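Below is structure05.cif, holding mmCIF, C-alpha atoms and all ligand atoms.
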data_coords
#
loop_
_atom_site.label_atom_id
_atom_site.label_comp_id
_atom_site.auth_asym_id
_atom_site.auth_seq_id
_atom_site.Cartn_x
_atom_site.Cartn_y
_atom_site.Cartn_z
CA ARG A 1 7.46 -54.86 -43.08
CA TRP A 2 11.24 -55.01 -43.47
CA VAL A 3 12.77 -52.00 -45.22
CA GLU A 4 16.11 -52.43 -47.03
CA VAL A 5 18.57 -49.86 -45.71
CA GLY A 6 20.87 -49.94 -48.79
CA PRO A 7 18.28 -48.90 -51.41
CA LEU A 8 16.74 -46.40 -48.94
CA LEU A 9 20.05 -44.60 -48.50
CA GLU A 10 20.92 -44.77 -52.21
CA ARG A 11 17.62 -43.03 -52.91
CA VAL A 12 18.29 -40.37 -50.27
CA LEU A 13 21.80 -39.89 -51.68
CA GLY A 14 20.27 -39.26 -55.11
CA ASP A 15 17.78 -36.76 -53.63
CA ALA A 16 20.64 -34.98 -51.83
CA ARG A 17 22.82 -34.69 -54.92
CA THR A 18 19.91 -33.30 -56.94
CA LEU A 19 19.14 -30.77 -54.22
CA SER A 20 22.78 -29.76 -53.79
CA ARG A 21 23.42 -29.41 -57.53
CA ASP A 22 27.08 -30.29 -56.98
CA ARG A 23 27.63 -27.54 -54.44
CA HIS A 24 28.60 -30.07 -51.73
CA PRO A 25 30.56 -33.30 -51.68
CA ILE A 26 28.08 -35.91 -50.45
CA ALA A 27 29.15 -39.39 -49.34
CA LEU A 28 27.50 -42.59 -48.22
CA GLU A 29 29.32 -44.24 -45.30
CA GLY A 30 29.07 -47.66 -43.74
CA GLU A 31 27.87 -50.96 -45.19
CA PRO A 32 24.07 -50.79 -45.44
CA ARG A 33 23.76 -53.62 -47.97
CA GLY A 34 21.69 -56.45 -46.53
CA ALA A 35 20.65 -54.48 -43.44
CA GLN A 36 16.91 -54.14 -42.83
CA ILE A 37 14.73 -52.05 -40.53
CA ALA A 38 11.26 -53.11 -39.40
CA GLY A 39 9.02 -50.18 -40.23
CA ASP A 40 7.36 -47.98 -42.79
CA GLU A 41 9.48 -47.21 -45.85
CA THR A 42 7.68 -43.95 -46.71
CA GLU A 43 8.06 -42.65 -43.17
CA LEU A 44 11.70 -43.68 -42.83
CA HIS A 45 12.48 -42.10 -46.19
CA SER A 46 10.78 -38.86 -45.20
CA ALA A 47 12.77 -38.74 -41.95
CA VAL A 48 16.18 -39.21 -43.58
CA ALA A 49 15.19 -36.96 -46.52
CA ASN A 50 14.29 -34.17 -44.07
CA LEU A 51 17.69 -34.46 -42.40
CA VAL A 52 19.46 -34.38 -45.75
CA THR A 53 17.42 -31.39 -46.94
CA ASN A 54 18.50 -29.55 -43.79
CA ALA A 55 22.14 -30.54 -44.31
CA VAL A 56 22.10 -29.13 -47.85
CA ARG A 57 20.16 -26.04 -46.79
CA TYR A 58 22.31 -25.16 -43.78
CA THR A 59 25.71 -25.99 -45.26
CA PRO A 60 27.58 -23.37 -47.28
CA ASP A 61 28.83 -24.38 -50.73
CA GLY A 62 31.79 -26.73 -50.54
CA GLY A 63 30.93 -28.07 -47.07
CA ALA A 64 30.89 -31.84 -46.85
CA ILE A 65 27.79 -33.93 -46.10
CA ALA A 66 27.70 -37.61 -45.16
CA ILE A 67 24.85 -40.10 -44.89
CA ALA A 68 25.88 -43.01 -42.71
CA TRP A 69 24.65 -46.39 -41.53
CA ARG A 70 26.12 -48.44 -38.71
CA ARG A 71 25.12 -51.29 -36.45
CA LEU A 72 25.22 -50.45 -32.77
CA PRO A 73 26.98 -52.66 -30.22
CA ASP A 74 23.59 -53.60 -28.71
CA GLY A 75 22.40 -54.98 -32.07
CA GLY A 76 20.41 -51.89 -33.01
CA GLY A 77 21.22 -49.57 -35.88
CA GLU A 78 21.90 -45.93 -36.55
CA LEU A 79 21.14 -43.76 -39.57
CA ALA A 80 23.10 -40.52 -39.36
CA VAL A 81 23.34 -37.35 -41.42
CA ARG A 82 26.42 -35.23 -40.79
CA ASP A 83 27.28 -31.86 -42.25
CA ALA A 84 30.09 -29.31 -42.08
CA GLY A 85 27.53 -26.51 -42.06
CA ILE A 86 26.64 -23.46 -39.98
CA GLY A 87 25.88 -25.51 -36.86
CA ILE A 88 23.41 -24.75 -34.07
CA ALA A 89 24.05 -22.99 -30.76
CA ARG A 90 23.62 -25.21 -27.71
CA GLU A 91 20.61 -23.37 -26.32
CA HIS A 92 18.54 -24.03 -29.45
CA ILE A 93 19.11 -27.78 -29.63
CA PRO A 94 16.42 -28.89 -27.13
CA ARG A 95 13.78 -26.88 -29.03
CA LEU A 96 14.59 -27.90 -32.62
CA THR A 97 11.93 -30.61 -32.81
CA GLU A 98 9.13 -28.24 -31.75
CA ARG A 99 6.79 -27.48 -34.60
CA PHE A 100 7.62 -24.21 -36.43
CA TYR A 101 10.77 -23.68 -34.35
CA ARG A 102 13.58 -22.12 -36.39
CA VAL A 103 16.90 -20.75 -35.23
CA ASP A 104 17.49 -17.07 -35.97
CA LEU A 105 18.92 -17.14 -39.46
CA SER A 106 19.85 -13.49 -39.84
CA ARG A 107 23.47 -14.56 -40.28
CA ALA A 108 22.57 -17.15 -42.92
CA ARG A 109 21.14 -16.79 -46.38
CA ASP A 110 17.36 -16.81 -46.69
CA THR A 111 16.49 -20.47 -46.45
CA GLY A 112 12.71 -20.32 -46.50
CA GLY A 113 11.70 -23.39 -44.45
CA THR A 114 8.63 -23.68 -42.25
CA GLY A 115 10.22 -25.29 -39.18
CA LEU A 116 8.27 -28.54 -39.44
CA GLY A 117 10.94 -30.93 -40.72
CA LEU A 118 12.53 -31.98 -37.44
CA SER A 119 9.19 -32.37 -35.67
CA ILE A 120 8.29 -34.92 -38.37
CA VAL A 121 11.66 -36.65 -38.00
CA LYS A 122 11.19 -37.00 -34.26
CA HIS A 123 7.64 -38.29 -34.70
CA VAL A 124 8.75 -40.93 -37.21
CA ILE A 125 11.68 -42.22 -35.16
CA GLN A 126 9.52 -42.46 -32.05
CA ARG A 127 6.92 -44.46 -33.97
CA HIS A 128 9.75 -46.85 -34.83
CA GLY A 129 10.75 -47.26 -31.20
CA GLY A 130 13.92 -45.21 -31.61
CA GLU A 131 15.26 -41.79 -30.78
CA LEU A 132 16.78 -38.73 -32.40
CA GLU A 133 20.10 -37.48 -31.12
CA ILE A 134 21.45 -34.08 -32.16
CA GLU A 135 25.04 -32.95 -31.84
CA SER A 136 26.22 -29.61 -33.18
CA GLN A 137 28.86 -26.93 -32.95
CA PRO A 138 28.25 -23.45 -34.34
CA GLY A 139 30.50 -22.79 -37.30
CA ARG A 140 31.64 -26.43 -37.48
CA GLY A 141 28.60 -28.50 -38.34
CA SER A 142 25.95 -30.88 -37.08
CA THR A 143 25.20 -34.57 -36.78
CA PHE A 144 21.65 -35.92 -36.54
CA ARG A 145 21.41 -39.59 -35.50
CA LEU A 146 18.35 -41.81 -35.79
CA ARG A 147 18.86 -44.68 -33.34
CA LEU A 148 16.85 -47.87 -33.77
CA PRO A 149 16.53 -50.60 -31.13
CA PRO A 150 17.80 -54.19 -31.76
CA GLN A 151 14.36 -55.71 -32.34
CA ARG A 152 13.89 -53.32 -35.31
CA VAL A 153 17.13 -54.19 -37.08
CA ARG A 154 18.41 -57.29 -38.83
CA ALA A 155 21.22 -58.16 -41.21
CA ALA A 156 19.28 -60.63 -43.35
CA GLY A 157 19.65 -60.53 -47.08
CA PRO A 158 20.75 -62.66 -50.02
CA MET A 159 23.97 -63.66 -48.19
CA ALA A 160 22.42 -65.50 -45.28
CA PRO A 161 20.89 -68.57 -47.02
CA SER A 162 23.91 -69.23 -49.25
CA LEU A 163 26.25 -69.05 -46.25
CA ARG A 164 24.15 -71.72 -44.56
CA LEU A 165 24.30 -73.82 -47.73
CA VAL A 166 28.10 -73.58 -47.90
CA ARG A 167 28.37 -74.80 -44.33
CA ARG A 168 26.11 -77.77 -45.04
CA GLU A 169 28.18 -78.77 -48.10
CA ASP A 170 31.30 -78.64 -45.94
CA THR A 171 29.87 -81.13 -43.49
CA PRO A 172 31.24 -84.62 -44.20
CA PRO A 173 28.57 -87.24 -44.93
CA SER A 174 27.65 -89.19 -41.87
CA ALA A 175 28.92 -92.74 -41.65
CA GLY A 176 25.98 -95.00 -42.26
P1 LIG A 201 11.22 -27.24 -43.03
O1 LIG A 201 12.02 -28.44 -42.65
O2 LIG A 201 9.82 -27.32 -42.50
O3 LIG A 201 11.29 -26.91 -44.47
P2 LIG A 201 13.19 -25.93 -41.42
O4 LIG A 201 14.32 -26.63 -42.13
O5 LIG A 201 13.44 -24.51 -41.00
O6 LIG A 201 11.88 -25.97 -42.29
P3 LIG A 201 13.43 -27.96 -39.37
O7 LIG A 201 13.91 -28.93 -40.37
O8 LIG A 201 12.45 -28.41 -38.35
O9 LIG A 201 12.77 -26.70 -40.10
O10 LIG A 201 14.68 -27.35 -38.62
C1 LIG A 201 14.45 -26.39 -37.57
C2 LIG A 201 15.60 -25.41 -37.50
O11 LIG A 201 16.78 -26.11 -37.05
C3 LIG A 201 15.99 -24.82 -38.83
O12 LIG A 201 15.22 -23.68 -39.14
C4 LIG A 201 17.46 -24.45 -38.60
O13 LIG A 201 17.53 -23.22 -37.91
C5 LIG A 201 17.91 -25.54 -37.65
N1 LIG A 201 18.61 -26.64 -38.37
C6 LIG A 201 18.08 -27.82 -38.75
N2 LIG A 201 19.00 -28.61 -39.35
C7 LIG A 201 20.15 -27.91 -39.33
C8 LIG A 201 21.48 -28.19 -39.79
N3 LIG A 201 21.80 -29.34 -40.38
N4 LIG A 201 22.42 -27.23 -39.59
C9 LIG A 201 22.11 -26.06 -38.98
N5 LIG A 201 20.88 -25.74 -38.53
C10 LIG A 201 19.90 -26.65 -38.70
MG MG A 202 14.02 -28.77 -42.48
#

Would you write the structure of this file as structure tokens?
Ligand code: ATP
Ligand code: MG
Amino acid sequence: RWVEVGPLLERVLGDARTLSRDRHPIALEGEPRGAQIAGDETELHSAVANLVTNAVRYTPDGGAIAIAWRRLPDGGGELAVRDAGIGIAREHIPRLTERFYRVDLSRARDTGGTGLGLSIVKHVIQRHGGELEIESQPGRGSTFRLRLPPQRVRAAGPMAPSLRLVRREDTPPSAG
């Protein structure tokens, strides 16, 4: 099944704004309209929603959050969630996707998670043939990227057929 990236991210943006209750500026970046991912919509939504829930949870009020889509040079695609939150120390990053793993949060407010979110995210992206990349700097923020391979991504949509039609109309009639 082909999942529309635009509506998926609009839905996640809505979830994020509800969760944040206007405490963070949240933006949608890139041009997801028309882009599609081969996969399971419920799973893909749960992966991005987990990342966005983390971004809201681990970003102090006023910190910016972005949800982004871009095509990769190899023809694949990338869904990313970026925050200007508390960040994660380097030594924790390799363990974040272990079940129940949580960074010591004594310096943060009580956030009350179970430590399962990122293990689900990793599972979902692997089932879609992709990978999770995590980049973070303590005190500056984090970026979580879901990378999808070219065979899982396409740019089809309402534009493609009409573009073909325009080209055909432009072709001069053949001399008979
Ligand atoms: P759950 O997702 O099950 O409700 P959780 O958010 O604690 O609980 P994960 O989503 O797996 O669990 O994240 C694991 C840990 O990684 C978190 O406890 C937190 O310490 C750290 N973490 C995850 N996302 C971020 C982020 N955006 N900024 C800072 N730390 C993060
Ligand atoms: Mg979480």

Taking only C-alpha atoms and all ligand atoms into account, produce a table as JSON lines in which each residue of chain A with an atom at most 8 Å from an atom of ligand LIG 201 (chain A) appears once, together with its shortest atom pair and the distance in Å to one decimal, ordered by chain and rising number.
{"residue": "A:Asn50", "atom": "CA", "partner": "A:LIG201", "partner_atom": "O1", "distance": 6.3}
{"residue": "A:Leu51", "atom": "CA", "partner": "A:LIG201", "partner_atom": "N2", "distance": 6.7}
{"residue": "A:Val52", "atom": "CA", "partner": "A:LIG201", "partner_atom": "N3", "distance": 7.7}
{"residue": "A:Thr53", "atom": "CA", "partner": "A:LIG201", "partner_atom": "O4", "distance": 7.4}
{"residue": "A:Asn54", "atom": "CA", "partner": "A:LIG201", "partner_atom": "N2", "distance": 4.6}
{"residue": "A:Ala55", "atom": "CA", "partner": "A:LIG201", "partner_atom": "N3", "distance": 4.1}
{"residue": "A:Val56", "atom": "CA", "partner": "A:LIG201", "partner_atom": "N3", "distance": 7.5}
{"residue": "A:Arg57", "atom": "CA", "partner": "A:LIG201", "partner_atom": "N3", "distance": 7.4}
{"residue": "A:Tyr58", "atom": "CA", "partner": "A:LIG201", "partner_atom": "N4", "distance": 4.7}
{"residue": "A:Thr59", "atom": "CA", "partner": "A:LIG201", "partner_atom": "N4", "distance": 6.7}
{"residue": "A:Arg82", "atom": "CA", "partner": "A:LIG201", "partner_atom": "N3", "distance": 7.5}
{"residue": "A:Asp83", "atom": "CA", "partner": "A:LIG201", "partner_atom": "N3", "distance": 6.3}
{"residue": "A:Gly85", "atom": "CA", "partner": "A:LIG201", "partner_atom": "N4", "distance": 5.7}
{"residue": "A:Ile86", "atom": "CA", "partner": "A:LIG201", "partner_atom": "C9", "distance": 5.3}
{"residue": "A:Gly87", "atom": "CA", "partner": "A:LIG201", "partner_atom": "C9", "distance": 4.4}
{"residue": "A:Ile88", "atom": "CA", "partner": "A:LIG201", "partner_atom": "N5", "distance": 5.2}
{"residue": "A:Ile93", "atom": "CA", "partner": "A:LIG201", "partner_atom": "O11", "distance": 8.0}
{"residue": "A:Leu96", "atom": "CA", "partner": "A:LIG201", "partner_atom": "C1", "distance": 5.2}
{"residue": "A:Thr97", "atom": "CA", "partner": "A:LIG201", "partner_atom": "O8", "distance": 6.0}
{"residue": "A:Glu98", "atom": "CA", "partner": "A:LIG201", "partner_atom": "O8", "distance": 7.4}
{"residue": "A:Arg99", "atom": "CA", "partner": "A:LIG201", "partner_atom": "O8", "distance": 6.9}
{"residue": "A:Phe100", "atom": "CA", "partner": "A:LIG201", "partner_atom": "O8", "distance": 6.7}
{"residue": "A:Tyr101", "atom": "CA", "partner": "A:LIG201", "partner_atom": "C1", "distance": 5.6}
{"residue": "A:Arg102", "atom": "CA", "partner": "A:LIG201", "partner_atom": "O12", "distance": 3.6}
{"residue": "A:Val103", "atom": "CA", "partner": "A:LIG201", "partner_atom": "O13", "distance": 3.7}
{"residue": "A:Asp104", "atom": "CA", "partner": "A:LIG201", "partner_atom": "O13", "distance": 6.4}
{"residue": "A:Leu105", "atom": "CA", "partner": "A:LIG201", "partner_atom": "O13", "distance": 6.4}
{"residue": "A:Thr111", "atom": "CA", "partner": "A:LIG201", "partner_atom": "O5", "distance": 7.4}
{"residue": "A:Gly112", "atom": "CA", "partner": "A:LIG201", "partner_atom": "O5", "distance": 7.0}
{"residue": "A:Gly113", "atom": "CA", "partner": "A:LIG201", "partner_atom": "O6", "distance": 3.4}
{"residue": "A:Thr114", "atom": "CA", "partner": "A:LIG201", "partner_atom": "O2", "distance": 3.8}
{"residue": "A:Gly115", "atom": "CA", "partner": "A:LIG201", "partner_atom": "O9", "distance": 3.1}
{"residue": "A:Leu116", "atom": "CA", "partner": "A:LIG201", "partner_atom": "O2", "distance": 3.6}
{"residue": "A:Gly117", "atom": "CA", "partner": "A:LIG201", "partner_atom": "O1", "distance": 3.3}
{"residue": "A:Leu118", "atom": "CA", "partner": "A:LIG201", "partner_atom": "O8", "distance": 3.7}
{"residue": "A:Ser119", "atom": "CA", "partner": "A:LIG201", "partner_atom": "O8", "distance": 5.8}
{"residue": "A:Ile120", "atom": "CA", "partner": "A:LIG201", "partner_atom": "O8", "distance": 7.7}
{"residue": "A:Ser136", "atom": "CA", "partner": "A:LIG201", "partner_atom": "N4", "distance": 7.8}
{"residue": "A:Gly141", "atom": "CA", "partner": "A:LIG201", "partner_atom": "N4", "distance": 6.4}
{"residue": "A:Ser142", "atom": "CA", "partner": "A:LIG201", "partner_atom": "N3", "distance": 5.5}
{"residue": "A:Thr143", "atom": "CA", "partner": "A:LIG201", "partner_atom": "N3", "distance": 7.2}
{"residue": "A:Phe144", "atom": "CA", "partner": "A:LIG201", "partner_atom": "N3", "distance": 7.6}

Subject >> Top pick for closest residue to ligand MG 202 (chain A), considering A:Ala80, A:Leu9, A:Ile26, A:Val48 and counting all atoms listed in the file >> reply: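 That would be A:Val48, the residue with the smallest distance to ligand MG 202 (chain A).
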
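What separates CA of His123 in chain A from CA of Ala47 in chain A is a distance of 8.9 Å.
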
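Of the listed residues (A:Val121, A:Ala35, A:Leu19, A:Ile134), A:Val121 comes nearest to ligand MG 202 (chain A); the distances count all atoms listed in the file.
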
Original post:
How would you write as a list in words the residues that get within 12 Å of (5.4, -44.0, -43.8) in the file's frame, counting all atoms listed in the file?
Top reply: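 Here is the list of nearby residues: Arg1, Val3, Ala38, Gly39, Asp40, Glu41, Thr42, Glu43, Leu44, His45, Ser46, Ala47, Val48, Ile120, Val121, His123, Val124, Ile125, Arg127 and His128 of chain A.
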
Original post:
If you measure from CA of Arg145 in chain A to CA of Arg23 in chain A, what distance in Å do you get, rounded to one decimal?
Top reply: 23.3 Å

Subject >> Sel. within 7 Å of pt (26.5, -23.4, -29.1), counting all atoms listed in the file, output as a ChimeraX atom specification >> reply: /A:88-91,137-138

Subject >> Nearest residue to Glu29 in chain A from the set A:Glu4, A:Ala68, A:Leu13, A:Ala49 (distances using all atoms listed in the file) >> reply: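 Result for the nearest residue to Glu29 in chain A: A:Ala68.
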
Original post:
Could you work out how far CA of Gln151 in chain A lies from CA of Gly14 in chain A, giving the answer in Å with one decimal?
Top reply: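 Pair CA of Gly14 in chain A / CA of Gln151 in chain A returns 28.7 Å.
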